[in-house]
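Undergrad: First the structure, which I've put down as structure tokens, then a few questions once you've had a look.
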Amino acid sequence: MDKLKGADQMQGFVDNIEALTEQNDDFRRVLYTGHNLQLVLMTLQPGDEIGEEVHDDRDQFFRIEEGSGEIWIDGKANNVKSDDGIIVPQGASHNVVNTGKEPLRLYTIYGPPEHIDGTVHATAADAQKEHEHFDGKTTE
């Protein structure tokens with residue numbers, strides 16, 4: 001099998017996702033954007049939430065690394081904690097709320113991408129001010 005060489009060779013994303021998630025202090029940090037998936041780190045401070053939303057055209061996976069909270073899916077609260085994985089299907093109303101006393105650190109995977117590649121929102125308030133959406137440009 002021939003391998004691509006030089007500038008045409010894609011790198012993909014390979015890193016310790018647990019360590020990156022645990023070290024992240026930003027509300028939202030887009031790590032990698034592919035054509036069909038996007039990897040995003042998130043940290044919610046105590047009392048913070050993503051805000052109720054619906055993605056009519058994409059599924060979303062969440063993985064909790066540290067902390068505890070609730071993920072609401074179509075009006076039902078689900079208690080979540082470290083090591084939990086959650087899938088929210090397209091069309092479902094959802095919200096993530098930090099109900100704990102420590103930061104809630106997680107990563108999420110959108111399929112297809114939701115945000116502009118490289119987006120960083122330091123706080124939930126910053127994210128609320130900027131309503132950016134995926135513009136079709138991938139990481140590579």
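Just so we're on the same page: first chain in the structure tokens is A, next is B, and so on; residues restart at 1 for each chain, and ligands are numbered from 1 in the order they show up.
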Please return as a PyMOL selection string: the residues of stretch 31-121 of chain A that backbone DSSP assigns to strand (DSSP E).
TA: chain A and resi 31-33+38-44+53-54+59-66+68-73+76-81+85-88+93-97+104-111+120-121
Undergrad: Write out as a compact mmCIF listing (two decimals) with C-alpha atoms, in the first residue's frame which residues come within 10 Å of A:Asp135 when counting only C-alpha atoms, dropping same-chain ones fewer than 3 positions away.
TA:
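Contents of selection03.txt, as written:
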# COMPACT_ATOMS: atom_id res chain seq x y z
CA PRO A 113 -18.50 19.73 13.06
CA GLU A 114 -20.28 22.57 14.86
CA HIS A 115 -17.65 25.29 15.48
CA ILE A 116 -15.04 27.15 13.46
CA ASP A 117 -11.73 25.29 13.63
CA GLU A 132 -19.91 31.32 15.37
CA THR A 138 -11.04 21.72 8.48
Undergrad: Neighbours of A:Leu31 within 8 Å (only C-alpha atoms; same-chain residues fewer than 3 positions away dropped), as a list in words?
TA: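 The residues that qualify are Gln38, Leu39, Val40, Leu41, Asp117 and Gly118 of chain A.
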Undergrad: Might you pull out every residue within 6 Å of A:Gly91, with only C-alpha atoms counted and same-chain residues fewer than 6 positions away left off, and present them as a list in words?
TA: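 These residues fall inside the cut-off: Val54, His55 and Asp56 of chain A.
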Undergrad: Find, counting only C-alpha atoms, the residue in A:Asp59, A:Asp26, A:Glu140, A:Glu70 that gets nearest to A:Val97.
TA: A:Glu70
Undergrad: Name the residues in contact with stretch 108-111 of chain A at a cut-off of 12 Å, using only C-alpha atoms, excluding same-chain residues fewer than 5 positions from it; report them as a compact mmCIF listing (two decimals) with C-alpha atoms, in the first residue's frame.
TA:
# COMPACT_ATOMS: atom_id res chain seq x y z
CA ILE A 17 -7.08 13.30 25.45
CA THR A 21 -9.04 17.62 29.06
CA PHE A 27 -14.98 26.94 28.44
CA ARG A 28 -14.52 25.77 24.83
CA ARG A 29 -11.39 24.86 22.87
CA VAL A 30 -11.63 23.24 19.43
CA LEU A 31 -8.73 20.78 19.09
CA TYR A 32 -9.35 19.20 15.71
CA THR A 33 -11.87 19.57 12.90
CA GLY A 34 -12.31 16.87 10.29
CA HIS A 35 -14.85 16.72 7.49
CA ASN A 36 -17.28 14.62 9.55
CA LEU A 37 -16.14 14.93 13.19
CA GLN A 38 -14.90 17.67 15.49
CA LEU A 39 -13.08 17.27 18.84
CA VAL A 40 -13.67 19.99 21.45
CA LEU A 41 -12.48 20.39 25.07
CA MET A 42 -14.82 22.06 27.56
CA THR A 43 -14.59 23.18 31.19
CA HIS A 55 -28.64 20.38 16.81
CA ASP A 56 -31.04 19.41 14.03
CA ASP A 57 -28.27 18.07 11.80
CA ARG A 58 -25.62 16.53 14.06
CA ASP A 59 -25.09 14.00 16.83
CA GLN A 60 -22.91 14.79 19.83
CA PHE A 61 -20.83 12.61 22.17
CA PHE A 62 -19.67 13.80 25.62
CA ARG A 63 -17.02 12.22 27.85
CA ILE A 64 -16.73 13.47 31.45
CA GLU A 65 -13.14 13.42 32.75
CA ASP A 84 -19.27 8.78 31.97
CA GLY A 85 -19.96 8.86 28.24
CA ILE A 86 -23.12 10.38 26.80
CA ILE A 87 -24.57 10.52 23.29
CA VAL A 88 -27.12 13.17 22.37
CA PRO A 89 -28.87 12.31 19.07
CA GLN A 90 -29.60 14.99 16.51
CA VAL A 96 -24.87 20.38 30.35
CA PHE A 134 -18.60 25.76 11.33
Undergrad: Determine the nearest neighbour of A:Asp48 from the options A:His94, A:Asn78, A:Met10, A:Gly69, counting only C-alpha atoms.
TA: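 Nearest candidate to A:Asp48 out of A:His94, A:Asn78, A:Met10, A:Gly69: A:Gly69.
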Undergrad: I'd like to know which residues of chain A are alpha helix (DSSP H) (by DSSP, run on the backbone); could you write them as a short mmCIF file (atom, residue, chain, number, x, y, z; two decimals) with N, CA, C and O atoms, in the first residue's frame?
TA:
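To be explicit, this is the file written out as result-v9.cif:
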data_model
loop_
_atom_site.label_atom_id
_atom_site.label_comp_id
_atom_site.auth_asym_id
_atom_site.auth_seq_id
_atom_site.Cartn_x
_atom_site.Cartn_y
_atom_site.Cartn_z
N ILE A 17 -5.85 12.52 25.31
CA ILE A 17 -7.08 13.30 25.45
C ILE A 17 -7.46 13.49 26.92
O ILE A 17 -7.98 14.54 27.30
N GLU A 18 -7.17 12.52 27.76
CA GLU A 18 -7.48 12.66 29.17
C GLU A 18 -6.66 13.78 29.79
O GLU A 18 -7.20 14.66 30.48
N ALA A 19 -5.36 13.80 29.54
CA ALA A 19 -4.49 14.85 30.09
C ALA A 19 -4.87 16.22 29.54
O ALA A 19 -4.94 17.19 30.29
N LEU A 20 -5.12 16.31 28.25
CA LEU A 20 -5.50 17.59 27.65
C LEU A 20 -6.80 18.12 28.26
O LEU A 20 -6.92 19.31 28.55
N THR A 21 -7.76 17.22 28.47
CA THR A 21 -9.04 17.62 29.06
C THR A 21 -8.86 18.10 30.50
O THR A 21 -9.41 19.12 30.90
N GLU A 22 -8.07 17.36 31.27
CA GLU A 22 -7.85 17.72 32.67
C GLU A 22 -7.05 19.01 32.83
O GLU A 22 -7.19 19.70 33.84
N GLN A 23 -6.24 19.35 31.84
CA GLN A 23 -5.43 20.58 31.90
C GLN A 23 -6.16 21.80 31.34
O GLN A 23 -5.73 22.93 31.53
N ALA A 124 -17.91 30.97 29.54
CA ALA A 124 -19.25 30.76 28.99
C ALA A 124 -19.80 32.07 28.45
O ALA A 124 -20.47 32.09 27.41
N ALA A 125 -19.51 33.18 29.13
CA ALA A 125 -19.98 34.49 28.66
C ALA A 125 -19.39 34.83 27.30
O ALA A 125 -20.09 35.38 26.43
N ASP A 126 -18.11 34.51 27.09
CA ASP A 126 -17.48 34.74 25.78
C ASP A 126 -18.19 33.94 24.69
O ASP A 126 -18.43 34.45 23.59
N ALA A 127 -18.54 32.71 25.00
CA ALA A 127 -19.21 31.85 24.02
C ALA A 127 -20.60 32.40 23.68
O ALA A 127 -21.02 32.33 22.53
N GLN A 128 -21.30 32.94 24.68
CA GLN A 128 -22.63 33.50 24.44
C GLN A 128 -22.58 34.73 23.54
O GLN A 128 -23.48 34.96 22.74
N LYS A 129 -21.51 35.51 23.65
CA LYS A 129 -21.35 36.73 22.84
C LYS A 129 -21.06 36.41 21.38
O LYS A 129 -21.42 37.15 20.50
#
